[in-house]
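The next block is work_12.cif, given as mmCIF, C-alpha atoms and all ligand atoms.
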data_target
loop_
_atom_site.label_atom_id
_atom_site.label_comp_id
_atom_site.auth_asym_id
_atom_site.auth_seq_id
_atom_site.Cartn_x
_atom_site.Cartn_y
_atom_site.Cartn_z
CA MET U 715 104.55 74.85 80.01
CA SER U 716 100.87 74.39 79.28
CA ASP U 717 99.91 72.57 82.48
CA CYS U 718 101.92 74.79 84.83
CA ILE U 719 99.78 76.98 87.07
CA PHE U 720 102.44 79.70 87.38
CA CYS U 721 102.93 79.81 83.59
CA LYS U 722 99.16 80.32 83.40
CA ILE U 723 99.48 83.26 85.80
CA VAL U 724 102.34 84.67 83.68
CA ASN U 725 100.21 84.32 80.55
CA GLY U 726 97.16 85.87 82.19
CA ASP U 727 95.14 82.66 81.82
CA ILE U 728 94.36 82.58 85.53
CA PRO U 729 94.20 85.60 87.83
CA ALA U 730 96.65 86.53 90.57
CA ALA U 731 97.11 89.53 92.83
CA LYS U 732 100.21 90.89 91.08
CA VAL U 733 102.49 93.14 93.11
CA TYR U 734 105.34 93.56 90.61
CA GLU U 735 106.02 92.77 86.97
CA ASP U 736 108.83 93.40 84.52
CA GLU U 737 110.13 91.72 81.36
CA HIS U 738 111.57 88.73 83.20
CA VAL U 739 109.96 88.52 86.62
CA LEU U 740 106.52 88.47 88.22
CA ALA U 741 105.59 88.78 91.90
CA PHE U 742 102.15 88.04 93.27
CA LEU U 743 100.46 87.26 96.56
CA ASP U 744 100.37 83.61 97.58
CA ILE U 745 96.82 82.28 97.26
CA SER U 746 97.13 80.81 100.74
CA GLN U 747 99.11 83.39 102.68
CA VAL U 748 100.83 81.99 105.76
CA THR U 749 101.26 85.56 107.03
CA LYS U 750 99.89 88.90 105.80
CA GLY U 751 101.72 89.92 102.61
CA HIS U 752 103.15 86.45 101.79
CA THR U 753 104.42 86.93 98.24
CA LEU U 754 105.92 84.70 95.56
CA VAL U 755 108.59 85.92 93.12
CA ILE U 756 108.95 83.88 89.93
CA PRO U 757 110.84 84.07 86.64
CA LYS U 758 108.50 84.35 83.67
CA VAL U 759 110.41 81.59 81.93
CA HIS U 760 109.47 78.09 83.06
CA LYS U 761 112.27 76.62 85.19
CA GLU U 762 111.27 73.72 87.41
CA ASN U 763 113.48 74.55 90.37
CA ILE U 764 116.94 75.67 91.51
CA PHE U 765 118.57 72.79 89.64
CA GLU U 766 117.36 74.26 86.32
CA LEU U 767 118.01 77.89 87.14
CA THR U 768 120.61 79.65 84.99
CA PRO U 769 122.70 82.52 86.37
CA ASP U 770 120.84 85.10 84.29
CA VAL U 771 117.43 83.89 85.47
CA ALA U 772 118.67 83.74 89.08
CA SER U 773 120.01 87.26 88.67
CA HIS U 774 116.69 88.59 87.39
CA VAL U 775 114.78 86.98 90.27
CA PHE U 776 117.17 88.11 93.00
CA THR U 777 117.35 91.63 91.64
CA VAL U 778 113.64 91.84 92.34
CA VAL U 779 113.52 90.00 95.69
CA PRO U 780 114.97 92.88 97.78
CA LYS U 781 112.69 95.38 96.04
CA ILE U 782 109.65 93.30 96.99
CA ALA U 783 110.98 92.79 100.52
CA ASN U 784 111.24 96.55 100.94
CA ALA U 785 107.79 97.11 99.44
CA ILE U 786 106.38 94.59 101.95
CA LYS U 787 108.28 96.33 104.75
CA LYS U 788 106.81 99.67 103.75
CA GLN U 789 103.24 98.41 103.36
CA PHE U 790 102.92 95.93 106.24
CA ALA U 791 105.70 96.92 108.69
CA PRO U 792 106.74 93.36 109.60
CA ILE U 793 109.45 92.89 112.20
CA GLY U 794 111.26 90.36 110.00
CA LEU U 795 110.93 88.40 106.78
CA ASN U 796 111.80 84.85 105.73
CA LEU U 797 112.92 83.87 102.25
CA LEU U 798 111.96 80.29 101.45
CA ASN U 799 112.56 78.19 98.36
CA ASN U 800 111.54 74.53 98.19
CA ASN U 801 113.22 72.40 95.52
CA GLY U 802 111.86 68.94 94.82
CA GLU U 803 108.89 67.08 96.21
CA GLN U 804 110.83 65.78 99.20
CA ALA U 805 111.76 69.35 100.07
CA GLY U 806 108.13 70.43 100.07
CA GLN U 807 107.86 71.82 96.53
CA THR U 808 104.27 71.60 95.31
CA VAL U 809 104.35 73.92 92.28
CA PHE U 810 107.11 72.95 89.89
CA HIS U 811 107.88 76.40 88.51
CA TYR U 812 110.72 78.05 90.42
CA HIS U 813 109.55 80.52 93.07
CA VAL U 814 110.88 82.32 96.10
CA HIS U 815 108.52 82.83 99.03
CA LEU U 816 108.74 86.15 100.89
CA ILE U 817 107.10 85.59 104.23
CA PRO U 818 106.78 88.69 106.41
CA ARG U 819 107.04 88.01 110.16
CA TYR U 820 105.07 89.73 112.87
CA GLY U 821 106.23 87.92 116.00
CA LYS U 822 105.11 84.91 118.01
CA GLY U 823 101.91 83.36 116.74
CA ASP U 824 102.06 85.03 113.33
CA GLY U 825 101.26 81.68 111.70
CA PHE U 826 104.66 80.65 110.37
CA GLY U 827 107.47 78.76 112.00
P1 LIG U 901 105.77 75.38 97.26
O1 LIG U 901 105.09 74.43 98.21
O2 LIG U 901 105.91 74.78 95.87
O3 LIG U 901 107.06 75.94 97.78
O4 LIG U 901 104.81 76.64 97.17
C1 LIG U 901 103.76 76.75 96.27
C2 LIG U 901 102.94 77.92 96.73
O5 LIG U 901 102.10 78.29 95.67
C3 LIG U 901 102.03 77.60 97.93
O6 LIG U 901 102.34 78.48 99.00
C4 LIG U 901 100.62 77.82 97.38
O7 LIG U 901 99.75 78.41 98.31
C5 LIG U 901 100.87 78.73 96.18
N1 LIG U 901 99.90 78.56 95.10
C6 LIG U 901 99.46 77.39 94.57
N2 LIG U 901 98.59 77.62 93.58
C7 LIG U 901 98.46 78.98 93.49
C8 LIG U 901 97.69 79.82 92.64
O8 LIG U 901 96.94 79.39 91.76
N3 LIG U 901 97.81 81.16 92.83
C9 LIG U 901 98.63 81.68 93.79
N4 LIG U 901 98.67 83.01 93.91
N5 LIG U 901 99.39 80.90 94.60
C10 LIG U 901 99.30 79.56 94.46
ZN ZN U 902 105.71 77.25 84.60
#
Rendering of file as structure tokens:
Amino acid sequence: MSDCIFCKIVNGDIPAAKVYEDEHVLAFLDISQVTKGHTLVIPKVHKENIFELTPDVASHVFTVVPKIANAIKKQFAPIGLNLLNNNGEQAGQTVFHYHVHLIPRYGKGDGFG
């Protein structure tokens, strides 16, 4: 989609701090990290949210999510990690290209929750 910011990241039209990329999936640091290492995992194909996700796209994304979680664990040594996925404006979605937030947790006062 031409006006989608995450499609622009996929296409290399705007920069992002990429942490993982394969044929189907891209992971990059959130531009406004709520905790250190806050990462977004997205399918390269434009799907608005969970209601548009097909099993194969979901499978690609969630094959990568644990890999990124473990990479975050290794690099930042969090004591926990939240997965978050907002679907629809009323649910807090602001970018309408499906994404899973990986939010590493460091204990009380870490900035999230
Ligand atoms: P949502 O509110 O849709 O669940 O999350 C959208 C996320 O995308 C937010 O955490 C926001 O900081 C992040 N975001 C928005 N625009 C950009 C961008 O241009 N680059 C990156 N890396 N993250 C972005
Ligand atoms: Zn898109």
Which distance in Å separates CA of Arg819 in chain U and CA of Lys722 in chain U, to one decimal?
28.9 Å
Residues of chain U that have any atom at most 7 Å from an atom of ligand LIG 901 (chain U): could you tabulate them with the shortest-distance atom pair and the distance in Å to one decimal, using only C-alpha atoms and all ligand atoms, ordered by chain and increasing number, as JSON lines?
{"residue": "U:Ile719", "atom": "CA", "partner": "U:LIG901", "partner_atom": "O8", "distance": 6.0}
{"residue": "U:Ala730", "atom": "CA", "partner": "U:LIG901", "partner_atom": "N4", "distance": 5.3}
{"residue": "U:Ala731", "atom": "CA", "partner": "U:LIG901", "partner_atom": "N4", "distance": 6.8}
{"residue": "U:Phe742", "atom": "CA", "partner": "U:LIG901", "partner_atom": "N4", "distance": 6.1}
{"residue": "U:Leu743", "atom": "CA", "partner": "U:LIG901", "partner_atom": "N4", "distance": 5.3}
{"residue": "U:Asp744", "atom": "CA", "partner": "U:LIG901", "partner_atom": "N4", "distance": 4.1}
{"residue": "U:Ile745", "atom": "CA", "partner": "U:LIG901", "partner_atom": "N4", "distance": 3.9}
{"residue": "U:Ser746", "atom": "CA", "partner": "U:LIG901", "partner_atom": "O7", "distance": 4.3}
{"residue": "U:Gln747", "atom": "CA", "partner": "U:LIG901", "partner_atom": "O7", "distance": 6.7}
{"residue": "U:Asn799", "atom": "CA", "partner": "U:LIG901", "partner_atom": "O3", "distance": 6.0}
{"residue": "U:Asn800", "atom": "CA", "partner": "U:LIG901", "partner_atom": "O3", "distance": 4.7}
{"residue": "U:Gly806", "atom": "CA", "partner": "U:LIG901", "partner_atom": "O1", "distance": 5.4}
{"residue": "U:Gln807", "atom": "CA", "partner": "U:LIG901", "partner_atom": "O2", "distance": 3.6}
{"residue": "U:Thr808", "atom": "CA", "partner": "U:LIG901", "partner_atom": "O2", "distance": 3.6}
{"residue": "U:Val809", "atom": "CA", "partner": "U:LIG901", "partner_atom": "O2", "distance": 4.0}
{"residue": "U:Phe810", "atom": "CA", "partner": "U:LIG901", "partner_atom": "O2", "distance": 6.4}
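Between CA of Phe720 in chain U and CA of Gly794 in chain U there is a distance of 26.5 Å.
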With a distance cut-off of 8 Å and all atoms listed in the file, select the neighbouring residues of range 813-817 of chain U, excluding the residue or stretch itself and same-chain residues fewer than 3 positions from it, and output the selection as a PDB file with C-alpha atoms, keeping the file's coordinate frame.
ATOM      1  CA  VAL U 748     100.830  81.990 105.760  1.00  0.00           C
ATOM      2  CA  THR U 749     101.260  85.560 107.030  1.00  0.00           C
ATOM      3  CA  GLY U 751     101.720  89.920 102.610  1.00  0.00           C
ATOM      4  CA  HIS U 752     103.150  86.450 101.790  1.00  0.00           C
ATOM      5  CA  THR U 753     104.420  86.930  98.240  1.00  0.00           C
ATOM      6  CA  LEU U 754     105.920  84.700  95.560  1.00  0.00           C
ATOM      7  CA  VAL U 755     108.590  85.920  93.120  1.00  0.00           C
ATOM      8  CA  ILE U 756     108.950  83.880  89.930  1.00  0.00           C
ATOM      9  CA  PRO U 757     110.840  84.070  86.640  1.00  0.00           C
ATOM     10  CA  ASN U 763     113.480  74.550  90.370  1.00  0.00           C
ATOM     11  CA  ALA U 783     110.980  92.790 100.520  1.00  0.00           C
ATOM     12  CA  LEU U 795     110.930  88.400 106.780  1.00  0.00           C
ATOM     13  CA  ASN U 796     111.800  84.850 105.730  1.00  0.00           C
ATOM     14  CA  LEU U 797     112.920  83.870 102.250  1.00  0.00           C
ATOM     15  CA  LEU U 798     111.960  80.290 101.450  1.00  0.00           C
ATOM     16  CA  ASN U 799     112.560  78.190  98.360  1.00  0.00           C
TER      17      ASN U 799
END
Could you report the residues within 8 Å of ligand ZN 902 (chain U), using only C-alpha atoms and all ligand atoms, as a PyMOL selection string?
chain U and resi 715-722+758-762+810-812
Around (115.9, 89.8, 90.3), as given in the file, which residues come within 12 Å? Count all atoms listed in the file and list them as a count of residues only.
29
I'd like the interatomic distance between CA of Lys732 in chain U and CA of Asn784 in chain U, to a tenth of an Å.
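One can read the CA of Lys732 in chain U to CA of Asn784 in chain U distance as 15.8 Å.
Proximity ranking of U:Gly726, U:Lys788, U:Asn801, U:Gly827 relative to Phe765 in chain U places U:Asn801 first, based on only C-alpha atoms.
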If you count all atoms listed in the file, the residue of U:Lys750, U:Asp824, U:Leu767, U:Ala805 closest to Phe790 in chain U turns out to be U:Lys750
What are the centre and the three edge lengths of an axis-aligned box that wraps all atoms of range 741-748 of chain U in the file, given that 5 Å is added to every side, written as JSON and rounded to one decimal in Å?
{"center_x": 101.2, "center_y": 84.8, "center_z": 98.8, "size_x": 18.8, "size_y": 18.0, "size_z": 23.9}
